[in-house]
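Asker: Take this structure, written in structure tokens, and hold onto it; I'll ask about it next.
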Amino acid sequence: MTDTLIPEATTDAAPAASYVDRRGTRHPLPDTAAEARVRADDRAHVFHSWSAQALIDPVPVAAGEGSTFWDYQGNGYLDFSSQLVNLNLGHQHPDLVAAIQEQAGRLATIQPALANDVRGELARRIADVAPGDLDKVFFTNGGADANEHAVRMARAVTGRRKVLSMYRSYHGGTATAISLTGDPRRWANEPSDGGVVHFLGPYPYRSSFHAATEAEETERALAHLEQVITLEGANTIAAIIIETVVGTNGVLVPPPGYLEGVRRISDKFGIVYIADEVMVGFGRVGEWFAVNHFGVTPDLITFAKGVNSGYVPLGGVVISQRIASHFDTVSFQGGLTYSGHPLACAAGVATFEVFERDGILERVRDLGTRVVEPRLRAIAERHPSVGEVRGLGLFWAIELVRDRETREPLVPFNASGADAAPMARVAAACKQAGLWPFIHFNRMHVAPPLVITEEELIRGLDIIDEALDLADAELA
């Protein structure tokens with residue numbers, strides 16, 4: 001059992017005064033003894049993902065509230081990564097905590113073959129905000145297995161095997177999901193699903209198509225995709241899966257017309273269009289689903305993370321009538337013991353209530369356009385190490401370069417060790433100043449909780465602005 005931690009109210013990133021452990025006992029911070037226990041247990045017994053175990057030293061976290069979490073020394077960190085871009089409603093949101101507690105008190109769990117009130121209500125609410133006729137929901141435990149099951153549906157419906165996915169993508173760590181992934185995390189896990197084929201998506205700043213404008217990028221990227229389909233054999237391809245806005249691999253916002261073109265191409269060849277919205281769904285870009293921003297309707301939408309801020313693991317697939325009807329008389333061969341877990345769904349229903357009551361989508365759009373975008377544009381002007389800033393809502397990337405003319409990245413692709421040191425120094429400066437950053441390769445991402453206050457947001461951007469002086473120094 002882990003501690004349930006509740007910080008006292010603090011301002012800015014001032015030290016938290018105390019925390020409450022899992023037995024309900026309040027302890028003052030700093031608490032060096034507790035920190036040592038947590039660190040010892042972690043290092044002795046916890047095996048961490050995506051890590052060389054002897055080369056990491058995870059920070060023991062004592063408490064979290066809103067947009068801030070604290071270590072056992074009482075140091076506060078503005079959470080500018082929303083943990084793993086999932087904590088959309090922040091740490092310890094009282095409505096989500098209360099929903100889980102209430103649900104646990106009346107029905108803690110029930111198997112997915114039975115009907116349940118909160119499971120059904122959450123599915124209905126998701127269907128209500130999904131585009132077009134996507135009105136059925138298959139629940140999973142997270143984003144990777146959502147993508148696994150979406151691909152399984154597409155293959156069953158089309159009778160085809162191949163799936164196209166982008167380079168510069170991440171779709172999860174399980175068998176098919178890691179094969180779909182188009183970044184270095186896939187390499188060590190190959191071969192896995194031999195039916196996956198990768199293609200190049202649009203990236204105007206580093207165009208693979210020698211495009212000079214967004215219109216050219218859209219036209220040429222779509223021509224490339226159609227050529228891949230032709231060369232692979234359209235009648236062999238079940239699905240195309242695309243992160244609506246590419247997440248970890250760069251916050252790549254598709255240029256105008258690209259997703260509409262993917263929809264047309266999918267229809268032309270009878271291919272299922274899967275929108276991976278695991279990271280950008282549920283408010284991250286100021287829409288329930290990011291496809292709504294672009295006016296396109298896919299056949300399947302996968303989700304997780306923001307649906308309940310990760311308070312209890314939950315993901316799923318939103319399914320169009322065409323796909324769902326295939327399984328009216330044909331059994332769908334997929335499922336999970338904890339699909340639509342009541343505790344997770346209760347937090348999901350509460351998430352909808354908070355979004356609607358507090359105008360979360362509207363505030364994300366407002367903060368993104370009024371605060372984040374102009375400030376990042378100003379930061380780009382001030383720092384010669386900034387090649388480009390891009391994003392939507394509360395989801396942005398700052399791409400760092402050694403030379404604006406050549407666009408050479410500040411650190412190489414997939415850099416580690418000494419090669420990655422310049423970005424490590426920028427990250428360390430942010431942490432020292434009280435901000436927990438999201439760093440990936442040569443980019444810093446801005447993805448705070450959607451409930452962040454304007455003052456916290458400005459303070460975090462100030463910290464990034466100052467930390468980028470270290471990136472500028474690399475250019476001297």
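Letters A, B, ... go to the chains of the structure tokens in the order shown; residues in each chain start at 1; ligands are counted from 1 in the same order.
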Could you pull out the helix (DSSP H, G or I) residues of segment 250-422 of chain A from DSSP and send them as a ChimeraX atom specification?

Answerer: /A:258-269,290-294,305-307,321-326,342-358,360-382,417-422

Asker: So that I can check the surroundings of segment 89-92 of chain A, please list as a PyMOL selection string every protein, DNA and RNA residue that reaches within 7 Å of it, counting only C-alpha atoms and ignoring chain neighbours fewer than 5 positions away.

Answerer: chain A and resi 64-67+97+309+449-451

Asker: Okay, now the selection with N, CA and C atoms, as a compact mmCIF listing (two decimals), in the first residue's frame?

Answerer:
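What follows is the written file result-v3.txt:
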```txt
# COMPACT_ATOMS: atom_id res chain seq x y z
N GLY A 64 1.09 16.14 -3.58
CA GLY A 64 0.73 16.88 -4.77
C GLY A 64 -0.61 17.55 -4.59
N GLU A 65 -0.77 18.71 -5.17
CA GLU A 65 -2.05 19.41 -5.15
C GLU A 65 -2.09 20.38 -6.31
N GLY A 66 -3.16 20.33 -7.08
CA GLY A 66 -3.28 21.24 -8.21
C GLY A 66 -2.17 21.04 -9.22
N SER A 67 -1.44 22.09 -9.51
CA SER A 67 -0.38 22.04 -10.52
C SER A 67 1.00 21.82 -9.93
N VAL A 97 -11.30 12.72 -6.41
CA VAL A 97 -11.03 11.91 -5.21
C VAL A 97 -12.34 11.49 -4.57
N SER A 309 -7.72 11.77 -15.76
CA SER A 309 -6.44 12.26 -15.25
C SER A 309 -5.57 11.15 -14.68
N PRO A 449 -1.06 20.99 -16.16
CA PRO A 449 -2.46 20.64 -15.91
C PRO A 449 -3.39 21.72 -16.44
N LEU A 450 -4.55 21.32 -16.91
CA LEU A 450 -5.50 22.27 -17.48
C LEU A 450 -6.11 23.19 -16.44
N VAL A 451 -5.91 22.87 -15.16
CA VAL A 451 -6.42 23.70 -14.08
C VAL A 451 -5.37 24.68 -13.55
```

Asker: Pick from A:Gly142, A:Gly105, A:Gly387, A:Pro412: nearest to Val312 of chain A, with only C-alpha atoms counted?

Answerer: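 Closest to Val312 of chain A, using only C-alpha atoms: A:Gly142.
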
Asker: Give me, as a tab-separated table, the closest atom pair and its distance (Å, one decimal) for every residue of segment 31-98 of chain A within a cut-off of 10 Å of segment 282-295 of chain A, counting only C-alpha atoms, rows sorted by chain and rising number.

Answerer:
```
residue	atom	partner	partner_atom	distance
A:Val85	CA	A:Arg284	CA	8.6
A:Asn86	CA	A:Arg284	CA	9.2
A:Asn88	CA	A:Arg284	CA	7.3
A:Leu89	CA	A:Gly283	CA	9.8
```

Asker: In Å, rounded to a single decimal, give me how far atom CA of Thr406 of chain A is from atom CA of Leu470 of chain A.

Answerer: 20.1 Å

Asker: Within 6 Å of segment 75-81 of chain A, counting only C-alpha atoms, which residues show up once you throw out same-chain ones fewer than 5 positions away? Write them as a PDB file with N, CA and C atoms, in the first residue's frame, please.

Answerer:
```pdb
ATOM      1  N   ALA A  13       5.979  28.032  -5.379  1.00  0.00           N
ATOM      2  CA  ALA A  13       6.558  26.705  -5.160  1.00  0.00           C
ATOM      3  C   ALA A  13       7.167  26.635  -3.775  1.00  0.00           C
ATOM      4  N   PRO A  15       7.819  25.602   0.101  1.00  0.00           N
ATOM      5  CA  PRO A  15       7.782  24.254   0.671  1.00  0.00           C
ATOM      6  C   PRO A  15       6.428  23.909   1.258  1.00  0.00           C
ATOM      7  N   SER A  67      -1.443  22.087  -9.509  1.00  0.00           N
ATOM      8  CA  SER A  67      -0.385  22.041 -10.515  1.00  0.00           C
ATOM      9  C   SER A  67       0.997  21.823  -9.925  1.00  0.00           C
ATOM     10  N   THR A  68       1.072  21.492  -8.649  1.00  0.00           N
ATOM     11  CA  THR A  68       2.361  21.384  -7.956  1.00  0.00           C
ATOM     12  C   THR A  68       2.483  20.059  -7.224  1.00  0.00           C
ATOM     13  N   PHE A  69       3.699  19.499  -7.228  1.00  0.00           N
ATOM     14  CA  PHE A  69       3.982  18.379  -6.332  1.00  0.00           C
ATOM     15  C   PHE A  69       5.257  18.691  -5.561  1.00  0.00           C
ATOM     16  N   TRP A  70       5.427  17.996  -4.418  1.00  0.00           N
ATOM     17  CA  TRP A  70       6.528  18.283  -3.499  1.00  0.00           C
ATOM     18  C   TRP A  70       7.325  17.024  -3.200  1.00  0.00           C
ATOM     19  N   GLY A 434      12.203  25.288  -9.550  1.00  0.00           N
ATOM     20  CA  GLY A 434      10.876  24.893  -9.093  1.00  0.00           C
ATOM     21  C   GLY A 434       9.906  24.515 -10.185  1.00  0.00           C
ATOM     22  N   LEU A 435      10.407  24.035 -11.323  1.00  0.00           N
ATOM     23  CA  LEU A 435       9.544  23.596 -12.408  1.00  0.00           C
ATOM     24  C   LEU A 435       9.985  22.218 -12.876  1.00  0.00           C
ATOM     25  N   TRP A 436       9.024  21.301 -13.032  1.00  0.00           N
ATOM     26  CA  TRP A 436       9.330  19.968 -13.549  1.00  0.00           C
ATOM     27  C   TRP A 436       9.044  19.968 -15.044  1.00  0.00           C
ATOM     28  N   PRO A 437      10.103  19.878 -15.893  1.00  0.00           N
ATOM     29  CA  PRO A 437       9.914  20.050 -17.330  1.00  0.00           C
ATOM     30  C   PRO A 437       9.647  18.727 -18.042  1.00  0.00           C
ATOM     31  N   PHE A 438       9.202  18.837 -19.273  1.00  0.00           N
ATOM     32  CA  PHE A 438       9.041  17.703 -20.179  1.00  0.00           C
ATOM     33  C   PHE A 438      10.066  17.905 -21.287  1.00  0.00           C
ATOM     34  N   VAL A 446       5.571  22.042 -23.327  1.00  0.00           N
ATOM     35  CA  VAL A 446       4.793  22.767 -22.324  1.00  0.00           C
ATOM     36  C   VAL A 446       3.422  22.100 -22.257  1.00  0.00           C
ATOM     37  N   ALA A 447       3.169  21.366 -21.167  1.00  0.00           N
ATOM     38  CA  ALA A 447       1.923  20.607 -21.032  1.00  0.00           C
ATOM     39  C   ALA A 447       1.485  20.573 -19.573  1.00  0.00           C
ATOM     40  N   PRO A 448       1.162  21.726 -18.996  1.00  0.00           N
ATOM     41  CA  PRO A 448       0.763  21.763 -17.585  1.00  0.00           C
ATOM     42  C   PRO A 448      -0.660  21.258 -17.392  1.00  0.00           C
TER      43      PRO A 448
END
```

Asker: Can you pull out every residue within 8 Å of segment 204-220 of chain A, counting only C-alpha atoms, but drop anything in the same chain fewer than 3 positions away, and send it as a list in words?

Answerer: Leu200, Ala223, His224, Pro255, Pro256, Gly257, Tyr258 and Glu388 of chain A

Asker: Figure out the distance between atom CA of Thr248 of chain A and atom CA of Asp267 of chain A, please, to one decimal in Å.

Answerer: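 Atom CA of Thr248 of chain A lies at a distance of 28.4 Å from atom CA of Asp267 of chain A.
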
Asker: Between A:Pro184, A:Gly348, A:Pro298, A:Pro112, which residue has the minimum interatomic distance to Phe441 of chain A, considering only C-alpha atoms?

Answerer: A:Pro184

Asker: Neighbouring residues of Val349 of chain A were defined as those with any atom within 12 Å, considering only C-alpha atoms; residues of the same chain fewer than 5 positions away were excluded. Please report them as a list in words.

Answerer: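 Once the adjacent positions are removed, what remains is Asp95, Leu96, Val97, Ala98, Ala99, Ile100, Gln103, Asp117, Val118, Arg119, Gly120, Glu121, Leu122, Ala123, Arg124, Arg125, Ile126, Gly306, Val307, Asn308, Ser309, Gly340, Pro342, Leu343, Ala344, Val354, Phe355 and Glu356 of chain A.
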
Asker: Of the candidates A:Leu367, A:Gln432, A:Arg404, A:His48, which shows the shortest atom-to-atom distance to Leu457 of chain A, using only C-alpha atoms?

Answerer: A:Leu367
